[in-house]
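Data block for query.tsv (TSV, C-alpha atoms):
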chain	number	residue	atom	x	y	z
A	136	MET	CA	48.78	101.36	40.77
A	137	LYS	CA	45.91	103.57	41.70
A	138	VAL	CA	42.46	102.04	41.63
A	139	THR	CA	39.88	104.09	39.74
A	140	PRO	CA	36.10	104.12	40.26
A	141	GLU	CA	35.86	102.41	36.84
A	142	ASN	CA	38.12	99.60	38.13
A	143	VAL	CA	35.90	99.13	41.17
A	144	ARG	CA	32.80	99.06	38.98
A	145	ASP	CA	34.38	96.44	36.69
A	146	PHE	CA	35.56	94.35	39.66
A	147	ILE	CA	32.03	94.24	41.05
A	148	LEU	CA	30.47	93.52	37.65
A	149	GLN	CA	32.81	90.55	37.17
A	150	GLY	CA	31.25	88.84	40.17
A	151	LEU	CA	27.72	90.21	40.40
A	152	ALA	CA	25.09	90.80	37.74
A	153	CYS	CA	23.89	94.38	38.17
A	154	GLU	CA	20.96	96.21	36.60
A	155	HIS	CA	22.70	99.48	37.40
A	156	ILE	CA	25.94	100.46	39.05
A	157	HIS	CA	27.61	103.78	39.74
A	158	VAL	CA	30.90	104.22	41.57
A	159	ASP	CA	32.59	107.44	42.69
A	160	GLY	CA	35.91	107.66	44.47
A	161	ASP	CA	39.30	109.25	45.00
A	162	GLY	CA	41.49	106.16	44.63
A	163	ARG	CA	41.15	105.07	48.26
A	164	HIS	CA	37.61	105.81	49.32
A	165	PHE	CA	34.80	104.75	47.06
A	166	ALA	CA	31.03	105.10	47.15
A	167	ALA	CA	28.85	102.80	45.07
A	168	VAL	CA	25.18	102.58	44.19
A	169	ILE	CA	24.55	98.99	43.17
A	170	VAL	CA	21.25	97.70	41.80
A	171	SER	CA	20.92	93.96	41.37
A	172	SER	CA	18.10	91.45	41.31
A	173	GLU	CA	20.50	89.17	43.20
A	174	PHE	CA	19.65	91.28	46.27
A	175	GLU	CA	15.99	90.20	46.25
A	176	GLY	CA	14.92	88.77	49.58
A	177	LYS	CA	18.26	89.56	51.25
A	178	GLY	CA	18.99	91.86	54.19
A	179	MET	CA	21.54	94.65	54.04
A	180	LEU	CA	24.32	92.62	55.66
A	181	GLN	CA	23.88	89.78	53.18
A	182	ARG	CA	23.87	92.24	50.26
A	183	HIS	CA	27.10	93.86	51.39
A	184	LYS	CA	28.65	90.40	51.71
A	185	GLN	CA	27.55	89.59	48.16
A	186	VAL	CA	29.40	92.67	46.90
A	187	TYR	CA	32.50	91.87	48.97
A	188	GLN	CA	32.42	88.33	47.58
A	189	ALA	CA	32.26	89.72	44.06
A	190	LEU	CA	35.31	91.86	44.84
A	191	GLY	CA	37.19	89.00	46.49
A	192	ASP	CA	40.93	89.64	46.98
A	193	ARG	CA	40.65	92.86	45.00
A	194	MET	CA	39.05	94.36	48.11
A	195	GLU	CA	42.59	94.59	49.53
A	196	LYS	CA	43.37	97.32	46.97
A	197	ILE	CA	40.42	99.36	48.18
A	198	HIS	CA	40.75	101.19	51.48
A	199	ALA	CA	37.05	101.82	51.96
A	200	LEU	CA	33.88	101.21	50.04
A	201	SER	CA	30.61	102.78	51.05
A	202	MET	CA	27.62	101.20	49.35
A	203	GLN	CA	23.92	101.45	48.75
A	204	THR	CA	22.57	98.08	47.69
A	205	LEU	CA	19.14	98.16	46.05
A	206	THR	CA	16.85	95.75	44.25
A	207	PRO	CA	15.50	96.94	40.88
A	208	ALA	CA	12.14	97.67	42.56
A	209	GLN	CA	13.79	99.78	45.28
A	210	TRP	CA	15.80	101.59	42.62
A	211	ALA	CA	12.62	102.33	40.64
A	212	ASP	CA	11.01	103.75	43.80
A	213	ASN	CA	13.95	106.13	44.25
A	214	HIS	CA	13.67	107.55	40.72
B	293	MET	CA	46.11	76.57	68.49
B	294	ASP	CA	47.68	78.75	65.85
B	295	GLU	CA	47.59	82.53	65.74
B	296	LYS	CA	44.41	82.64	63.70
B	297	GLN	CA	42.50	80.27	65.99
B	298	ILE	CA	43.59	82.25	69.06
B	299	ALA	CA	42.48	85.52	67.43
B	300	LEU	CA	39.10	84.08	66.41
B	301	GLU	CA	38.60	82.66	69.90
B	302	ASN	CA	39.34	86.09	71.42
B	303	ILE	CA	36.90	87.75	69.04
B	304	LYS	CA	34.22	85.22	69.93
B	305	LYS	CA	34.74	85.84	73.66
B	306	THR	CA	34.55	89.58	73.16
B	307	VAL	CA	31.42	89.69	70.98
B	308	THR	CA	29.48	87.08	72.94
B	309	GLY	CA	30.56	88.41	76.34
B	310	ASN	CA	29.42	91.99	75.74
B	311	PRO	CA	26.06	93.35	74.55
B	312	VAL	CA	27.48	95.82	72.03
B	313	VAL	CA	30.97	95.71	70.53
B	314	LEU	CA	32.46	98.03	67.92
B	315	TYR	CA	35.68	97.03	66.17
B	316	MET	CA	37.14	100.22	64.80
B	317	LYS	CA	40.30	102.03	63.72
B	318	GLY	CA	41.18	104.31	66.62
B	319	THR	CA	38.90	105.06	69.55
B	320	PRO	CA	35.45	106.68	69.75
B	321	GLN	CA	37.18	109.84	71.05
B	322	PHE	CA	39.97	109.71	68.45
B	323	PRO	CA	38.86	107.68	65.45
B	324	GLN	CA	41.59	107.06	62.85
B	325	CYS	CA	39.23	106.58	59.93
B	326	GLY	CA	36.11	108.43	58.81
B	327	PHE	CA	33.97	105.32	58.67
B	328	SER	CA	35.00	104.24	62.17
B	329	GLY	CA	34.25	107.73	63.45
B	330	ARG	CA	30.83	107.63	61.84
B	331	ALA	CA	30.07	104.24	63.40
B	332	ALA	CA	30.96	105.56	66.88
B	333	GLN	CA	28.79	108.64	66.25
B	334	VAL	CA	25.85	106.43	65.32
B	335	LEU	CA	26.16	104.45	68.56
B	336	LYS	CA	26.39	107.71	70.50
B	337	ALA	CA	23.25	108.95	68.74
B	338	CYS	CA	21.53	105.70	69.79
B	339	GLY	CA	22.23	106.67	73.40
B	340	VAL	CA	24.71	103.86	74.07
B	341	THR	CA	27.77	104.96	75.98
B	342	ASP	CA	29.00	101.79	77.67
B	343	TYR	CA	29.72	99.64	74.65
B	344	VAL	CA	33.07	97.92	74.14
B	345	ALA	CA	35.20	99.58	71.47
B	346	VAL	CA	38.16	97.55	70.21
B	347	ASN	CA	40.87	99.55	68.48
B	348	VAL	CA	42.08	97.20	65.75
B	349	LEU	CA	45.21	99.31	65.25
B	350	GLU	CA	46.30	98.11	68.70
B	351	ASP	CA	44.98	94.56	68.43
B	352	GLN	CA	46.95	92.71	65.78
B	353	GLY	CA	44.85	89.56	66.06
B	354	ALA	CA	41.62	91.43	65.41
B	355	TYR	CA	43.26	93.50	62.67
B	356	ASP	CA	44.46	90.41	60.81
B	357	TYR	CA	41.63	87.97	61.42
B	358	LEU	CA	38.35	89.78	62.18
B	359	LYS	CA	37.45	89.54	58.47
B	360	PHE	CA	37.23	85.75	58.82
B	361	TYR	CA	35.03	85.77	61.92
B	362	ALA	CA	31.81	86.83	60.19
B	363	ASP	CA	33.09	86.80	56.61
B	364	PHE	CA	33.09	90.60	56.37
B	365	PRO	CA	36.32	92.18	55.10
B	366	THR	CA	36.20	95.78	56.33
B	367	PHE	CA	36.34	97.93	59.49
B	368	PRO	CA	34.38	99.10	61.38
B	369	GLN	CA	32.18	96.16	62.41
B	370	CYS	CA	29.42	96.37	64.98
B	371	TYR	CA	28.24	93.31	66.92
B	372	ILE	CA	25.11	93.16	69.06
B	373	ARG	CA	24.82	90.11	71.32
B	374	GLY	CA	27.40	88.29	69.27
B	375	GLU	CA	25.72	88.95	65.91
B	376	LEU	CA	27.37	91.05	63.22
B	377	ILE	CA	25.12	94.00	62.38
B	378	GLY	CA	27.39	95.41	59.71
B	379	GLY	CA	29.71	98.31	58.97
B	380	SER	CA	29.03	102.03	59.11
B	381	ASP	CA	26.73	102.13	56.04
B	382	ILE	CA	24.43	99.51	57.53
B	383	MET	CA	24.58	101.05	61.01
B	384	LEU	CA	23.65	104.46	59.64
B	385	ALA	CA	20.85	103.07	57.47
B	386	MET	CA	19.40	101.11	60.40
B	387	TYR	CA	19.67	104.19	62.62
B	388	GLU	CA	17.84	106.29	60.03
B	389	GLN	CA	15.14	103.64	59.82
B	390	GLY	CA	14.87	103.72	63.62
B	391	GLU	CA	15.85	100.04	64.02
B	392	LEU	CA	19.28	100.27	65.57
B	393	GLN	CA	18.24	102.31	68.62
B	394	GLY	CA	15.89	99.59	69.87
B	395	LEU	CA	18.36	96.79	69.19
B	396	VAL	CA	21.21	98.35	71.14
B	397	GLN	CA	18.99	99.59	73.95
B	398	GLN	CA	17.44	96.13	74.40
B	399	ALA	CA	20.87	94.52	74.32
B	400	THR	CA	22.36	96.85	76.92
B	401	ALA	CA	19.25	96.83	79.16
B	402	ALA	CA	19.10	93.02	79.29
B	403	ARG	CA	22.58	92.72	80.71
File written out as structure tokens:
Amino acid sequence: MKVTPENVRDFILQGLACEHIHVDGDGRHFAAVIVSSEFEGKGMLQRHKQVYQALGDRMEKIHALSMQTLTPAQWADNH
Amino acid sequence: MDEKQIALENIKKTVTGNPVVLYMKGTPQFPQCGFSGRAAQVLKACGVTDYVAVNVLEDQGAYDYLKFYADFPTFPQCYIRGELIGGSDIMLAMYEQGELQGLVQQATAAR
């Protein structure tokens, strides 16, 4: 079964509280903008690990996930 | 030692024994995945040419078990002095912020 960007968004949301999330993708390659206060005080590597942890085994269905991980304050600065 | 322990031991030797290591799909010249190609490009842009590139498509142990080494499930993965830096998104972001250049240059110069 093909994984949709909506699936990826829901997978992440099941494991990580997000203020905002947007996922694009073609079924194999996905790109996500993820805004969560859980990222506060964490470096980029730790943030990516938090997202991978939220995805858990479901990551195996996803060939590649590119992500921008922002805190709400960083997100506000970008908009 | 079982297969997993042997693979993790090999990974440890590789990342701690070399200043800069890139685990990727394919080679820097012929990457087999867009993200791996981008990671190799970033290192090239940092001016590092003599890093160790491990093609995980030809290293079954790394392919199967690298995800457990630093608890990071995707390829590529870049290590500097034994520490996981991240995948291509993080490498590119650190390059754009001007951080990665110094890290890799220090690591390769100190050898």
Practice problem: Identify the residues around (41.5, 99.4, 38.3) within a radius of 12 Å, measuring from only C-alpha atoms in the coordinates stated by the file, and give them as a ChimeraX atom specification. | Solution: /A:136-147,160,162-163,190,193-194,196-197
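CA of Tyr315 (chain B) lies 18.2 Å from CA of Tyr187 (chain A).
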Self-check item: Exercise answer, chain A residues close to chain B, 9 Å and all atoms listed in the file, as a ChimeraX atom specification
Solution: /A:179-180,183-184,187,194-195,198-203
Generate the output file for the selected residues, C-alpha atoms, as a short mmCIF file (atom, residue, chain, number, x, y, z; two decimals), keeping the file's coordinate frame.
data_model
loop_
_atom_site.label_atom_id
_atom_site.label_comp_id
_atom_site.auth_asym_id
_atom_site.auth_seq_id
_atom_site.Cartn_x
_atom_site.Cartn_y
_atom_site.Cartn_z
CA MET A 179 21.54 94.65 54.04
CA LEU A 180 24.32 92.62 55.66
CA HIS A 183 27.10 93.86 51.39
CA LYS A 184 28.65 90.40 51.71
CA TYR A 187 32.50 91.87 48.97
CA MET A 194 39.05 94.36 48.11
CA GLU A 195 42.59 94.59 49.53
CA HIS A 198 40.75 101.19 51.48
CA ALA A 199 37.05 101.82 51.96
CA LEU A 200 33.88 101.21 50.04
CA SER A 201 30.61 102.78 51.05
CA MET A 202 27.62 101.20 49.35
CA GLN A 203 23.92 101.45 48.75
#
Quiz item: Within 10 Å of Val313 (chain B), counting all atoms listed in the file, which residues qualify if same-chain residues fewer than 6 places away don't, as an NGL selection string?
Solution: :B and (306-307 or 342-346 or 369-376)
Practice problem: Work out how far CA of Gln209 (chain A) is from CA of Ala152 (chain A), in Å to one decimal. | Solution: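 The value is 16.3 Å.
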